[in-house]
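Pasted below: model35.cif, mmCIF, C-alpha atoms.
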data_run
#
loop_
_atom_site.label_atom_id
_atom_site.label_comp_id
_atom_site.auth_asym_id
_atom_site.auth_seq_id
_atom_site.Cartn_x
_atom_site.Cartn_y
_atom_site.Cartn_z
CA MET A 296 11.08 17.11 -15.58
CA LYS A 297 13.72 15.14 -13.76
CA ILE A 298 12.45 13.27 -10.71
CA ILE A 299 14.09 11.03 -8.13
CA GLN A 300 11.89 8.69 -6.12
CA ILE A 301 13.43 7.81 -2.73
CA MET A 302 12.41 4.64 -0.90
CA PRO A 303 14.02 2.58 1.91
CA ASP A 304 13.79 -0.60 -0.19
CA PHE A 305 11.56 -2.37 -2.67
CA GLY A 306 10.09 -5.26 -0.73
CA LEU A 307 6.77 -6.51 -2.07
CA ALA A 308 4.47 -4.18 -0.14
CA GLY A 309 1.93 -1.47 -0.95
CA ALA A 310 4.08 1.68 -0.95
CA GLU A 311 6.74 -0.01 -3.06
CA ILE A 312 4.21 -1.33 -5.59
CA MET A 313 2.63 2.12 -5.80
CA CYS A 314 6.04 3.68 -6.47
CA GLU A 315 6.78 1.16 -9.20
CA HIS A 316 3.51 1.92 -11.02
CA LEU A 317 4.08 5.66 -10.58
CA VAL A 318 7.55 5.45 -12.16
CA TYR A 319 6.19 3.70 -15.25
CA GLU A 320 3.42 6.27 -15.72
CA LEU A 321 5.77 9.24 -15.28
CA ILE A 322 8.11 7.77 -17.90
CA LYS A 323 5.15 7.39 -20.30
CA ILE A 324 4.37 11.07 -19.77
CA GLY A 325 7.96 11.95 -20.65
CA ASP A 326 9.56 12.58 -17.26
CA ASP A 327 13.11 11.46 -16.51
CA VAL A 328 12.81 9.24 -13.42
CA SER A 329 15.44 7.49 -11.31
CA ILE A 330 15.33 5.90 -7.87
CA ILE A 331 17.32 5.89 -4.65
CA SER A 332 16.98 2.74 -2.54
CA PHE A 333 18.55 2.86 0.92
CA TYR A 334 19.17 -0.88 1.09
CA ASP A 335 20.78 -3.21 -1.42
CA CYS A 336 17.53 -5.15 -1.63
CA HIS A 337 16.84 -6.79 -4.98
CA THR A 338 13.29 -8.04 -5.61
CA SER A 339 10.96 -8.68 -8.52
CA ILE A 340 10.10 -4.96 -8.37
CA THR A 341 13.70 -3.78 -8.79
CA GLU A 342 14.22 -6.40 -11.48
CA ARG A 343 11.24 -5.07 -13.48
CA LEU A 344 12.32 -1.47 -12.98
CA GLU A 345 15.86 -2.13 -14.13
CA GLN A 346 14.60 -4.09 -17.14
CA ALA A 347 12.54 -1.00 -17.99
CA GLY A 348 15.77 1.05 -17.98
CA VAL A 349 15.20 2.83 -14.67
CA LYS A 350 18.43 3.79 -12.89
CA ILE A 351 18.46 2.68 -9.23
CA PHE A 352 21.08 3.94 -6.77
CA TYR A 353 21.58 1.43 -3.92
CA LEU A 354 23.08 3.07 -0.82
CA ASN A 355 23.83 -0.04 1.30
CA LYS A 356 22.43 1.54 4.45
CA ARG A 357 23.46 0.03 7.78
CA PRO A 358 20.68 -1.02 10.20
CA GLY A 359 19.48 1.70 12.55
CA LEU A 360 20.60 5.31 12.34
CA ASP A 361 23.15 5.70 9.55
CA LEU A 362 24.12 9.33 9.00
CA SER A 363 26.48 8.37 6.16
CA ILE A 364 23.34 8.11 4.01
CA ILE A 365 22.91 11.92 4.00
CA PRO A 366 26.15 12.75 2.11
CA LYS A 367 25.53 9.79 -0.21
CA ILE A 368 22.13 11.20 -1.17
CA ARG A 369 23.56 14.71 -1.48
CA ARG A 370 26.22 13.54 -3.92
CA ILE A 371 23.59 11.88 -6.08
CA LEU A 372 21.41 15.00 -6.00
CA LYS A 373 24.33 17.21 -7.03
CA ASP A 374 25.29 14.85 -9.86
CA GLU A 375 21.75 14.16 -11.13
CA LYS A 376 20.31 17.66 -10.55
CA PRO A 377 16.66 16.61 -10.25
CA ASP A 378 13.81 19.12 -10.28
CA ILE A 379 11.86 17.06 -7.72
CA ILE A 380 12.62 14.52 -5.02
CA HIS A 381 9.64 12.42 -4.05
CA THR A 382 10.07 10.56 -0.75
CA HIS A 383 8.18 7.61 0.73
CA ARG A 384 7.96 5.96 4.14
CA TYR A 385 10.65 7.03 6.65
CA VAL A 386 13.32 8.44 4.30
CA MET A 387 12.67 12.15 4.89
CA GLU A 388 14.96 12.33 7.90
CA TYR A 389 17.85 11.60 5.52
CA ALA A 390 16.63 13.03 2.22
CA ILE A 391 15.50 16.48 3.37
CA PRO A 392 18.81 17.38 5.10
CA ALA A 393 20.63 16.01 2.02
CA ALA A 394 18.71 18.47 -0.18
CA TYR A 395 19.45 21.47 2.06
CA ARG A 396 20.09 24.63 0.02
CA LEU A 397 19.82 22.74 -3.25
CA LYS A 398 17.22 24.09 -5.65
CA ILE A 399 15.05 20.99 -5.52
CA LYS A 400 11.32 20.76 -4.81
CA LYS A 401 10.29 18.16 -2.23
CA ILE A 402 7.18 15.95 -2.04
CA HIS A 403 6.40 13.24 0.48
CA THR A 404 3.56 10.71 0.13
CA ILE A 405 1.95 9.62 3.39
CA HIS A 406 1.11 5.95 2.91
CA ASN A 407 -0.83 5.46 6.15
CA ILE A 408 -2.74 7.38 8.77
CA ALA A 409 -0.42 9.99 10.28
CA SER A 410 -0.02 8.32 13.69
CA LYS A 411 1.12 5.03 12.11
CA GLU A 412 3.34 6.23 9.26
CA ASN A 413 6.40 6.81 11.41
CA THR A 414 7.76 6.65 14.95
CA LYS A 415 7.02 9.46 17.41
CA TYR A 416 10.46 10.91 16.73
CA GLY A 417 9.92 10.51 13.00
CA GLN A 418 6.61 12.35 13.28
CA TYR A 419 8.36 15.17 15.13
CA LEU A 420 10.87 15.48 12.27
CA ASN A 421 8.03 15.29 9.73
CA SER A 422 6.36 18.29 11.34
CA ILE A 423 9.58 20.28 10.93
CA PHE A 424 9.98 19.23 7.30
CA PHE A 425 6.37 20.11 6.44
CA LYS A 426 6.35 23.46 8.24
CA TYR A 427 9.86 24.80 7.68
CA CYS A 428 11.47 22.91 4.77
CA ASN A 429 8.91 23.46 2.01
CA THR A 430 8.08 19.75 1.84
CA ILE A 431 4.64 19.05 0.39
CA PRO A 432 2.75 16.19 2.10
CA VAL A 433 0.49 14.15 -0.19
CA ALA A 434 -2.39 12.16 1.31
CA LEU A 435 -3.78 9.03 -0.32
CA SER A 436 -7.36 9.81 0.72
CA GLU A 437 -9.51 12.41 2.45
CA ALA A 438 -9.49 10.29 5.60
CA ILE A 439 -5.70 10.28 5.68
CA CYS A 440 -5.69 14.01 4.92
CA ASP A 441 -7.79 14.56 8.05
CA THR A 442 -5.23 12.70 10.18
CA LEU A 443 -2.42 14.85 8.73
CA MET A 444 -4.29 18.05 9.49
CA GLU A 445 -4.83 16.91 13.07
CA ARG A 446 -1.36 15.51 13.71
CA TYR A 447 0.72 18.23 12.00
CA LYS A 448 -1.63 21.22 12.41
CA LEU A 449 -1.73 21.82 8.66
CA GLU A 450 -4.44 23.53 6.64
CA ARG A 451 -6.47 21.52 4.13
CA GLU A 452 -5.10 23.48 1.15
CA GLN A 453 -1.55 22.48 2.14
CA ILE A 454 -2.28 18.78 1.52
CA PRO A 455 -2.92 17.48 -2.02
CA VAL A 456 -4.93 14.24 -2.12
CA ILE A 457 -3.88 11.76 -4.81
CA TYR A 458 -5.30 8.25 -4.91
CA ASN A 459 -3.01 5.27 -5.36
CA GLY A 460 -3.29 3.42 -8.64
CA ILE A 461 -2.30 0.23 -10.42
CA SER A 462 -2.12 -0.81 -14.06
CA LEU A 463 -5.63 -2.23 -14.38
CA ASP A 464 -4.64 -3.99 -17.62
CA GLN A 465 -2.82 -6.57 -15.50
CA CYS A 466 -5.99 -7.65 -13.71
CA ILE A 467 -7.64 -10.93 -14.77
CA VAL A 468 -11.32 -10.05 -14.55
CA LYS A 469 -13.52 -12.59 -12.80
CA GLN A 470 -16.13 -14.20 -15.07
CA ASP A 471 -17.89 -16.76 -12.85
CA TYR A 472 -19.35 -15.83 -9.45
CA ALA A 473 -20.88 -19.22 -8.69
CA ILE A 474 -19.53 -20.80 -5.51
CA THR A 475 -19.06 -24.55 -5.11
CA GLU A 476 -19.22 -26.38 -1.79
CA ASP A 477 -15.62 -25.38 -1.00
CA ILE A 478 -15.34 -21.61 -0.62
CA HIS A 479 -12.00 -19.97 -1.42
CA ILE A 480 -11.25 -16.78 0.52
CA LEU A 481 -8.09 -14.77 -0.18
CA HIS A 482 -6.16 -12.29 1.96
CA ILE A 483 -3.06 -10.47 0.71
CA GLY A 484 -1.05 -8.45 3.21
CA ARG A 485 1.99 -8.31 5.44
CA TYR A 486 2.09 -10.41 8.58
CA ALA A 487 1.91 -7.34 10.78
CA GLU A 488 -0.28 -5.97 13.55
CA SER A 489 -2.25 -3.71 11.23
CA LYS A 490 -3.49 -6.62 9.08
CA ASN A 491 -5.38 -8.17 11.98
CA HIS A 492 -4.66 -11.85 11.29
CA ARG A 493 -5.82 -12.96 14.75
CA GLU A 494 -9.41 -11.69 14.40
CA MET A 495 -9.51 -12.82 10.77
CA LEU A 496 -8.50 -16.36 11.73
CA LYS A 497 -11.05 -16.39 14.56
CA ALA A 498 -13.78 -15.50 12.06
CA ILE A 499 -12.68 -18.24 9.65
CA HIS A 500 -12.49 -20.78 12.48
CA GLU A 501 -16.03 -19.93 13.64
CA LEU A 502 -17.36 -20.13 10.09
CA ARG A 503 -15.76 -23.54 9.68
CA THR A 504 -17.12 -24.71 13.04
CA SER A 505 -20.63 -23.63 11.99
CA GLY A 506 -20.45 -25.86 8.93
CA ARG A 507 -19.25 -23.43 6.25
CA LYS A 508 -16.56 -25.08 4.11
CA VAL A 509 -14.42 -21.97 3.91
CA ASN A 510 -10.76 -22.12 2.96
CA LEU A 511 -8.42 -19.17 3.54
CA THR A 512 -5.23 -18.43 1.62
CA LEU A 513 -2.82 -15.96 3.21
CA VAL A 514 -0.34 -14.26 0.87
CA GLY A 515 2.47 -12.11 2.23
CA GLU A 516 5.52 -11.91 4.44
CA GLY A 517 6.39 -10.02 7.58
CA PRO A 518 7.56 -10.09 11.19
CA LEU A 519 4.48 -11.90 12.59
CA GLN A 520 4.45 -14.78 10.10
CA LYS A 521 5.72 -17.33 12.65
CA ASP A 522 3.13 -16.16 15.18
CA VAL A 523 0.34 -16.53 12.63
CA CYS A 524 1.55 -20.02 11.67
CA GLN A 525 1.63 -20.97 15.36
CA LEU A 526 -1.92 -19.69 15.83
CA ILE A 527 -3.09 -21.78 12.86
CA LYS A 528 -1.40 -24.86 14.32
CA GLU A 529 -2.78 -24.34 17.84
CA ASN A 530 -6.33 -24.13 16.49
CA HIS A 531 -5.88 -27.10 14.13
CA MET A 532 -6.63 -24.97 11.06
CA GLU A 533 -3.91 -26.38 8.79
CA ASN A 534 -6.44 -28.23 6.62
CA TYR A 535 -8.27 -25.07 5.59
CA VAL A 536 -5.79 -22.21 6.03
CA CYS A 537 -2.93 -22.05 3.54
CA VAL A 538 0.09 -19.83 4.26
CA TYR A 539 1.17 -19.09 0.71
CA GLY A 540 4.05 -16.71 1.38
CA ILE A 541 5.00 -13.96 -1.02
CA SER A 542 4.06 -13.92 -4.70
CA GLY A 543 5.40 -11.79 -7.54
CA ASN A 544 2.17 -12.28 -9.50
CA ILE A 545 -1.02 -12.33 -7.43
CA TYR A 546 -3.51 -11.91 -10.29
CA PRO A 547 -4.08 -15.65 -10.89
CA LEU A 548 -4.73 -16.03 -7.15
CA LEU A 549 -7.29 -13.23 -7.28
CA GLN A 550 -8.97 -14.75 -10.32
CA ASN A 551 -9.40 -18.12 -8.60
CA ALA A 552 -10.74 -16.74 -5.30
CA ASP A 553 -14.43 -16.49 -4.42
CA LEU A 554 -13.98 -13.65 -1.93
CA PHE A 555 -11.28 -11.16 -0.92
CA ILE A 556 -11.02 -10.03 2.71
CA LEU A 557 -8.99 -7.20 4.24
CA PRO A 558 -10.14 -6.72 7.86
CA SER A 559 -7.27 -4.39 8.85
CA ILE A 560 -7.06 -2.42 12.08
CA TYR A 561 -5.69 0.60 10.20
CA GLU A 562 -4.83 1.26 6.57
CA GLY A 563 -3.79 3.90 4.09
CA MET A 564 -5.05 3.12 0.59
CA PRO A 565 -4.14 -0.55 0.15
CA MET A 566 -2.85 -1.54 -3.26
CA THR A 567 -4.11 -5.10 -2.78
CA LEU A 568 -7.65 -3.78 -2.45
CA ILE A 569 -7.33 -1.98 -5.80
CA GLU A 570 -6.04 -5.22 -7.34
CA ALA A 571 -9.01 -7.12 -5.93
CA MET A 572 -11.43 -4.47 -7.20
CA GLY A 573 -9.88 -4.47 -10.66
CA SER A 574 -10.24 -8.26 -10.74
CA GLY A 575 -13.95 -8.03 -9.94
CA LEU A 576 -13.75 -9.90 -6.65
CA PRO A 577 -16.48 -9.61 -4.01
CA ILE A 578 -14.79 -7.81 -1.11
CA VAL A 579 -15.13 -7.64 2.66
CA ALA A 580 -12.90 -4.93 4.15
CA SER A 581 -12.76 -2.95 7.37
CA ASN A 582 -14.15 0.54 7.65
CA VAL A 583 -10.81 2.22 8.48
CA GLY A 584 -8.33 4.66 6.93
CA GLY A 585 -8.75 5.17 3.20
CA ILE A 586 -10.88 2.05 2.65
CA PRO A 587 -14.25 3.87 2.87
CA ASN A 588 -13.03 6.12 0.03
CA MET A 589 -12.70 2.95 -2.05
CA ILE A 590 -15.54 0.70 -0.88
CA THR A 591 -19.13 1.91 -0.49
CA ASP A 592 -20.93 -0.53 1.78
CA GLY A 593 -23.38 -2.68 -0.14
CA GLU A 594 -22.47 -1.24 -3.53
CA ASN A 595 -19.00 -2.56 -4.44
CA GLY A 596 -18.23 -4.53 -1.28
CA LEU A 597 -19.11 -4.86 2.38
CA LEU A 598 -17.51 -2.87 5.20
CA CYS A 599 -16.90 -4.51 8.56
CA THR A 600 -15.26 -3.56 11.83
CA PRO A 601 -11.90 -5.21 12.61
CA LYS A 602 -13.61 -7.64 15.04
CA CYS A 603 -14.30 -11.35 14.60
CA ASN A 604 -18.11 -11.14 14.79
CA SER A 605 -18.34 -8.35 12.22
CA ILE A 606 -15.87 -10.04 9.84
CA LYS A 607 -17.79 -13.33 10.15
CA SER A 608 -21.17 -11.66 9.66
CA CYS A 609 -20.08 -9.84 6.49
CA ILE A 610 -18.57 -13.00 5.00
CA GLU A 611 -21.83 -14.88 5.70
CA LYS A 612 -23.87 -12.09 4.17
CA MET A 613 -21.72 -12.14 1.04
CA LEU A 614 -21.87 -15.93 0.72
CA ASP A 615 -25.66 -16.06 1.23
CA ASP A 616 -26.43 -13.46 -1.44
CA PRO A 617 -25.29 -14.73 -4.87
CA VAL A 618 -27.02 -11.93 -6.76
CA GLY A 619 -25.57 -9.21 -4.53
CA ARG A 620 -22.16 -10.86 -4.57
CA GLU A 621 -21.98 -10.73 -8.37
CA ARG A 622 -23.39 -7.20 -8.47
CA MET A 623 -20.81 -5.92 -5.96
CA GLY A 624 -17.97 -7.69 -7.79
CA LYS A 625 -18.92 -6.11 -11.10
CA ASN A 626 -19.40 -2.71 -9.46
CA ALA A 627 -15.89 -3.05 -7.99
CA ILE A 628 -14.48 -3.29 -11.52
CA ARG A 629 -16.10 0.03 -12.44
CA SER A 630 -14.99 1.65 -9.18
CA ALA A 631 -11.40 0.56 -9.78
CA LYS A 632 -11.09 2.92 -12.75
CA GLN A 633 -10.59 5.89 -10.42
CA PHE A 634 -7.59 4.03 -8.96
CA SER A 635 -5.71 3.50 -12.22
CA SER A 636 -1.97 4.09 -12.36
CA GLU A 637 -2.53 6.33 -15.39
CA ARG A 638 -4.69 8.71 -13.36
CA MET A 639 -2.26 8.59 -10.43
CA GLY A 640 0.70 9.38 -12.71
CA LYS A 641 -1.06 12.35 -14.33
CA ASN A 642 -2.04 13.76 -10.93
CA TYR A 643 1.52 13.54 -9.56
CA HIS A 644 2.94 14.98 -12.81
CA ASN A 645 0.53 17.92 -12.55
CA LEU A 646 1.55 18.46 -8.93
CA TYR A 647 5.23 18.43 -9.88
CA GLN A 648 4.51 21.04 -12.58
CA GLN A 649 2.64 23.28 -10.15
CA LEU A 650 5.73 23.40 -7.94
#

Just dump the structure as structure tokens.
Amino acid sequence: MKIIQIMPDFGLAGAEIMCEHLVYELIKIGDDVSIISFYDCHTSITERLEQAGVKIFYLNKRPGLDLSIIPKIRRILKDEKPDIIHTHRYVMEYAIPAAYRLKIKKIHTIHNIASKENTKYGQYLNSIFFKYCNTIPVALSEAICDTLMERYKLEREQIPVIYNGISLDQCIVKQDYAITEDIHILHIGRYAESKNHREMLKAIHELRTSGRKVNLTLVGEGPLQKDVCQLIKENHMENYVCVYGISGNIYPLLQNADLFILPSIYEGMPMTLIEAMGSGLPIVASNVGGIPNMITDGENGLLCTPKCNSIKSCIEKMLDDPVGRERMGKNAIRSAKQFSSERMGKNYHNLYQQL
């Protein structure tokens, strides 16, 4: 089959990393895959894709509404003649009109809970595309599927559920769960409202004040990075909170951490959590979105609420239980197998074939 993946850009975030892994797996299966990127944004992801021989069409989209994107996509679709277009994030409002009356099947992956995946206007357009334009919505988890059913008034059988996946071979599996006096906690995620940096930093500050020698490393980029840095400075946390920035290879960071935390306010199925699981890290994550489909409380991690006291309590519980910490880390490795990129690729390929 010939498939075109359509994405706004390939910044180093979850949906983009998922798409990269999916492309590799589809190529292994034998599909012909190319990519449309709205922006001329070159990153380590696009570099790897192009080195793998994947054709990427950069459309040089202008900021805001840019209707010139629709005929650009349409020309590519007419030239390439794909069997499937697979859209991500907010690109449907351009891609679906571009495919009008072309004999192309359409799939859209919802990367977050329905109310957070797009603007109100974007959600209105999504409802039209799902109901009247034969666009198949794919949910990353049962929890996200429930939000789609509620928001778009769809039936359960209209929404395939396909878990995200990564190449687990890249993970550096943790071997030593002993913790020294200095405790290294890792968070990977965008500096954005959903990632809940304020409550996370409160919890770390209170742990430090109580005598716990915790150190937090923040990895990521995003619109709230300056605000987070200011919060760290105001609370005199510079000595134990490191703002690492973005990283093209996070596996060594995962290997060297004692604990991974992801206390988000809302989530889809976070790729960073799969990476932490595959690395065997003890995990504290919030009980939101698709996370409970990944983490079973007390078995392969601990679930918290996105509030300071709950985050702090779960971290303390994990630190005070060396036997449980190692058990949960090793269980996370086994759990990660259901989130492999190989399984994800086969599931999407099968869905494409069904269409």

Exercise. Stretch 593-599 of chain A: which residues within 10 Å, counting only C-alpha atoms, same-chain residues fewer than 3 positions away excluded, as a PyMOL selection string?
Worked result: chain A and resi 555-559+572+575-583+586-587+589-590+602-610+612-613+619-631

Exercise. So which residues touch A:Leu481 within 9 Å, counting all atoms listed in the file, skipping near sequence neighbours fewer than 6 positions away, as a VMD selection string?
Worked result: chain A and resid 510 to 514 548 to 549 552 to 557

Problem set entry | Test item: the PyMOL selection byres ((chain A and resi 402) around 9) resolved as a VMD selection string | chain A and resid 379 to 383 400 to 401 403 to 404 429 to 433 647

Output file for the selection above: C-alpha atoms, as an mmCIF file, in the frame of the given file:
data_model
loop_
_atom_site.group_PDB
_atom_site.id
_atom_site.type_symbol
_atom_site.label_atom_id
_atom_site.label_comp_id
_atom_site.auth_asym_id
_atom_site.auth_seq_id
_atom_site.Cartn_x
_atom_site.Cartn_y
_atom_site.Cartn_z
ATOM 1 C CA ILE A 379 11.860 17.060 -7.720
ATOM 2 C CA ILE A 380 12.620 14.520 -5.020
ATOM 3 C CA HIS A 381 9.640 12.420 -4.050
ATOM 4 C CA THR A 382 10.070 10.560 -0.750
ATOM 5 C CA HIS A 383 8.180 7.610 0.730
ATOM 6 C CA LYS A 400 11.320 20.760 -4.810
ATOM 7 C CA LYS A 401 10.290 18.160 -2.230
ATOM 8 C CA HIS A 403 6.400 13.240 0.480
ATOM 9 C CA THR A 404 3.560 10.710 0.130
ATOM 10 C CA ASN A 429 8.910 23.460 2.010
ATOM 11 C CA THR A 430 8.080 19.750 1.840
ATOM 12 C CA ILE A 431 4.640 19.050 0.390
ATOM 13 C CA PRO A 432 2.750 16.190 2.100
ATOM 14 C CA VAL A 433 0.490 14.150 -0.190
ATOM 15 C CA TYR A 647 5.230 18.430 -9.880
#

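Shortest atom-to-atom contact with A:Arg503 among A:Glu611, A:Gly584, A:Tyr427, A:Asn421: A:Glu611, counting only C-alpha atoms.
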
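The residues returned by the PyMOL selection byres ((chain A and resi 515-519) around 9) for this structure are Leu307, Ala308, His482, Ile483, Gly484, Arg485, Tyr486, Ala487, Glu488, Leu513, Val514, Gln520, Lys521, Asp522, Val523, Cys524, Val538, Tyr539, Gly540, Ile541 and Ser542 of chain A.
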
Take the residues that were just selected and, keeping C-alpha atoms, output them as a PDB file, in the coordinates of the input.
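Written out: out.pdb:
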ATOM      1  CA  LEU A 307       6.770  -6.510  -2.070  1.00  0.00           C
ATOM      2  CA  ALA A 308       4.470  -4.180  -0.140  1.00  0.00           C
ATOM      3  CA  HIS A 482      -6.160 -12.290   1.960  1.00  0.00           C
ATOM      4  CA  ILE A 483      -3.060 -10.470   0.710  1.00  0.00           C
ATOM      5  CA  GLY A 484      -1.050  -8.450   3.210  1.00  0.00           C
ATOM      6  CA  ARG A 485       1.990  -8.310   5.440  1.00  0.00           C
ATOM      7  CA  TYR A 486       2.090 -10.410   8.580  1.00  0.00           C
ATOM      8  CA  ALA A 487       1.910  -7.340  10.780  1.00  0.00           C
ATOM      9  CA  GLU A 488      -0.280  -5.970  13.550  1.00  0.00           C
ATOM     10  CA  LEU A 513      -2.820 -15.960   3.210  1.00  0.00           C
ATOM     11  CA  VAL A 514      -0.340 -14.260   0.870  1.00  0.00           C
ATOM     12  CA  GLN A 520       4.450 -14.780  10.100  1.00  0.00           C
ATOM     13  CA  LYS A 521       5.720 -17.330  12.650  1.00  0.00           C
ATOM     14  CA  ASP A 522       3.130 -16.160  15.180  1.00  0.00           C
ATOM     15  CA  VAL A 523       0.340 -16.530  12.630  1.00  0.00           C
ATOM     16  CA  CYS A 524       1.550 -20.020  11.670  1.00  0.00           C
ATOM     17  CA  VAL A 538       0.090 -19.830   4.260  1.00  0.00           C
ATOM     18  CA  TYR A 539       1.170 -19.090   0.710  1.00  0.00           C
ATOM     19  CA  GLY A 540       4.050 -16.710   1.380  1.00  0.00           C
ATOM     20  CA  ILE A 541       5.000 -13.960  -1.020  1.00  0.00           C
ATOM     21  CA  SER A 542       4.060 -13.920  -4.700  1.00  0.00           C
TER      22      SER A 542
END

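Nearest residue to A:Ile368, choosing from A:Thr600, A:Gln633, A:Asn645, A:Ser332 and counting all atoms listed in the file: A:Ser332.
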
For this session: Tell me which protein, DNA and RNA residues are within 10 Å of A:Phe305, counting only C-alpha atoms, leaving out same-chain ones fewer than 5 positions away, and put them as a VMD selection string.
Result: chain A and resid 310 to 312 314 to 315 332 to 341

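We find atom CA of A:Lys411 and atom CA of A:Thr442 to be spaced 10.1 Å apart.
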
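Considering all atoms listed in the file, the residue among A:Ala434, A:Leu360, A:Met564, A:Leu463 positioned nearest to A:Gly309 is A:Met564.
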
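Take atom CA of A:Arg369 and atom CA of A:Ala394: the distance between them is 6.3 Å.
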
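Compared by their closest atoms to A:Leu362, and using only C-alpha atoms, the residues A:Ala393, A:Ser462, A:Val349, A:Glu375 rank with A:Ala393 nearest.
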
Adding 5 Å on each side of the box along x, y and z that holds all listed atoms of stretch 626-644 of chain A, could you give its centre and edge lengths in Å to one decimal, as lines of an AutoDock Vina configuration file?
center_x = -8.2
center_y = 5.8
center_z = -11.7
size_x = 32.3
size_y = 28.3
size_z = 17.4

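Picture a line from atom CA of A:Ala390 to atom CA of A:Leu646; it runs 19.5 Å.
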
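Selecting by distance to (1.7, 14.5, -14.3) with a limit of 10 Å and using all atoms listed in the file, one obtains A:Met296, A:Leu317, A:Glu320, A:Leu321, A:Ile322, A:Lys323, A:Ile324, A:Gly325, A:Asp326, A:Glu637, A:Arg638, A:Met639, A:Gly640, A:Lys641, A:Asn642, A:Tyr643, A:His644, A:Asn645, A:Leu646, A:Tyr647, A:Gln648, A:Gln649.
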
For this session: Quick one: apply the PyMOL selection byres ((chain A and resi 500) around 10) to the file and drop the selected residues here as a PyMOL selection string.
Result: chain A and resi 494-499+501-505+507+509-511+527+530-532+535-536+603+607

Problem set entry | Residues within 8 Å of A:Pro565, all atoms listed in the file, excluding chain neighbours under 2 positions, as a ChimeraX atom specification | /A:309,562-563,567-569,585-586

How would the residues just picked look written out with C-alpha atoms as an mmCIF file, keeping the file's coordinate frame?
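As written to disk, part07.cif reads:
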data_model
loop_
_atom_site.group_PDB
_atom_site.id
_atom_site.type_symbol
_atom_site.label_atom_id
_atom_site.label_comp_id
_atom_site.auth_asym_id
_atom_site.auth_seq_id
_atom_site.Cartn_x
_atom_site.Cartn_y
_atom_site.Cartn_z
ATOM 1 C CA GLY A 309 1.930 -1.470 -0.950
ATOM 2 C CA GLU A 562 -4.830 1.260 6.570
ATOM 3 C CA GLY A 563 -3.790 3.900 4.090
ATOM 4 C CA THR A 567 -4.110 -5.100 -2.780
ATOM 5 C CA LEU A 568 -7.650 -3.780 -2.450
ATOM 6 C CA ILE A 569 -7.330 -1.980 -5.800
ATOM 7 C CA GLY A 585 -8.750 5.170 3.200
ATOM 8 C CA ILE A 586 -10.880 2.050 2.650
#

Problem set entry | Counting all atoms listed in the file, the residue of A:Lys632, A:Lys448, A:His406, A:Arg343 that sits nearest A:Ser436 | A:His406
